[in-house]
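Accompanying notes for the structure given below.
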Amino acid sequence: MHLPTILSALALGALVVAHPGGHHISRSDLSRRATLGLQCRDKVSQFHERRFKRNVDRRWHGHNTTWSIHTEAPYFERIQNDTCVLTPEVTQGPYVYPPSQTLRQDMTEDQVGVPLWLDIGVLDMATCEPLENVLLDMWHCNATGSYSSFTKLSPNTPFLELLEGLGIPEEDYEIGVTDLHTDDTTFLRGMWPTDKNGVMEMKTIFPGFYIQRAIHIHVQVHTDWTLRENGTIVTGNKVSTGQLYFDEALEERIIALEPYASHTQINRTTNAEDSVFPYDTTGGFSPVINVIAVDGKDVKNGMIGYITLGVDTTALEYGDNYVGDS
């Protein structure tokens with residue numbers, strides 16, 4: 001069976017990992033990927049210039065699907081905006097759980113929140129060309145900070161305290177190996193491949209927040225991917241893992257709405273305070289998703305978020321089977 005490939009993550013600055021089990025990225029590795037990204041900058045800028053010029057009159061909606069893959073046409077027909085350069089070995093966080101990730105274009109399920117349609121482009125930083133048929137794997141917490149498959153773990157308790165409560169020493173915990181899942185819920189987890197233009201669409205809701213982390217969405221990119229009959233991924237060669245973020249002003253507007261506003265037990269961690277958010281965006285690269293209102297008026301009624309992921313397909317890392325693989 002083919003091993004899916006997980007592509008790169010938010011690079012260009014000093015990287016500090018908040019979740020346990022993260023990996024140190026060498027300066028030489030960051031520098032190499034930054035160089036790759038810069039050589040593709042002009043190509044990305046061509047798409048960037050058309051960001052707000054395209055007037056598309058079409059209804060947005062996501063949907064679940066079966067194995068016959070007919071991708072809904074993305075809002076933008078080509079990759080948009082500046083590149084978020086991804087690098088291997090960035091933490092995927094303790095709430096990764098591949099058995100709950102399934103192939104679908106709408107991962108909302110019953111979760112309440114501001115609708116968000118993600119329009120994501122993927123560029124091969126070795127060639128500066130869009131990558132077709134790479135599988136994007138995404139997950140994030142709900143409006144009040146909980147992750148599916150881990151709903152019995154409090155979003156208001158620091159992770160090391162959660163481990164202590166479970167009787168697991170910190171030194172014995174390993175991301176992707178230690179199984180902490182508490183249930184079989186699957187909300188706000190999904191996967192979908194890029195089309196011939198290197199673009200994919202996913203419907204979800206705007207994420208909430210949990211303790212010690214800024215609002216974010218986890219994303220992995222896989223190549224040579226293989227699925228089981230139930231729609232979950234089998235195993236994978238690791239190319240990259242990343243986290244995507246939002247503008248602070250936008251976050252303030254959204255978390256003032258219900259059900260986000262009901263999460264009052266802890267204060268929200270800002271991007272500037274977050275220990276994973278990359279501070280150096282030199283060269284125009286950014287992990288922040290650009291958004292426009294679906295109705296052209298107010299993002300509170302729903303938004304389209306778009307970003308380009310720049311990945312290094314030469315940086316394959318051959319990994320073990322995922323947690324829960326049979």
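Residues in the structure tokens are numbered from 1 in each chain, the chains being A, B, ... in the order shown, and ligands are numbered from 1 in the order shown.
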* Asked: Can you list, as a list in words, every residue of segment 79-168 of chain A that DSSP puts in strand (DSSP E)?
  ->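 The residues of segment 79-168 of chain A classed as strand (DSSP E) are Thr83, Cys84, Val85, Pro115, Leu116, Trp117, Leu118, Asp119, Ile120, Gly121, Val122, Leu123, Asp124, Glu129, Pro130, Leu135, Leu136, Asp137, Met138 and Trp139 of chain A.
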Keeping C-alpha atoms, export the residues of the selection given above as a PDB file, in the first residue's frame.
```pdb
ATOM      1  CA  THR A  83       2.385  31.303   0.093  1.00  0.00           C
ATOM      2  CA  CYS A  84       2.457  29.709   3.513  1.00  0.00           C
ATOM      3  CA  VAL A  85       5.644  27.653   3.264  1.00  0.00           C
ATOM      4  CA  PRO A 115     -19.785  28.959   8.178  1.00  0.00           C
ATOM      5  CA  LEU A 116     -16.322  28.824   6.639  1.00  0.00           C
ATOM      6  CA  TRP A 117     -15.455  27.556   3.167  1.00  0.00           C
ATOM      7  CA  LEU A 118     -11.724  26.924   2.825  1.00  0.00           C
ATOM      8  CA  ASP A 119     -10.262  27.368  -0.633  1.00  0.00           C
ATOM      9  CA  ILE A 120      -6.689  26.058  -0.475  1.00  0.00           C
ATOM     10  CA  GLY A 121      -4.079  25.923  -3.219  1.00  0.00           C
ATOM     11  CA  VAL A 122      -0.971  23.747  -3.073  1.00  0.00           C
ATOM     12  CA  LEU A 123       2.283  24.606  -4.872  1.00  0.00           C
ATOM     13  CA  ASP A 124       5.295  22.332  -5.314  1.00  0.00           C
ATOM     14  CA  GLU A 129       3.777  24.532 -10.167  1.00  0.00           C
ATOM     15  CA  PRO A 130       0.375  23.595  -8.677  1.00  0.00           C
ATOM     16  CA  LEU A 135      -4.823  14.982  -0.300  1.00  0.00           C
ATOM     17  CA  LEU A 136      -5.333  17.741   2.289  1.00  0.00           C
ATOM     18  CA  ASP A 137      -6.177  16.437   5.741  1.00  0.00           C
ATOM     19  CA  MET A 138      -7.635  18.991   8.196  1.00  0.00           C
ATOM     20  CA  TRP A 139      -8.932  19.118  11.746  1.00  0.00           C
TER      21      TRP A 139
END
```
* Point-to-point distance from atom CA of Ser146 of chain A to atom CA of Arg213 of chain A, Å rounded to tenths ->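 It comes out at 12.5 Å.
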* Skip Ala214 of chain A itself and residues of its chain fewer than 5 positions away, then list as a PyMOL selection string all residues within 8 Å of it, counting only C-alpha atoms. => chain A and resi 209+245+268-271+273-274+277
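The closest residue to Gly231 of chain A, picked from A:Ser275, A:Ser149, A:Met191, A:Thr182 and counting only C-alpha atoms, is A:Met191.
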* Structure fact -> Of A:Gly208, A:Gly167, A:Pro98, A:Gly176, the one sitting nearest Ala261 of chain A when using only C-alpha atoms is A:Gly208
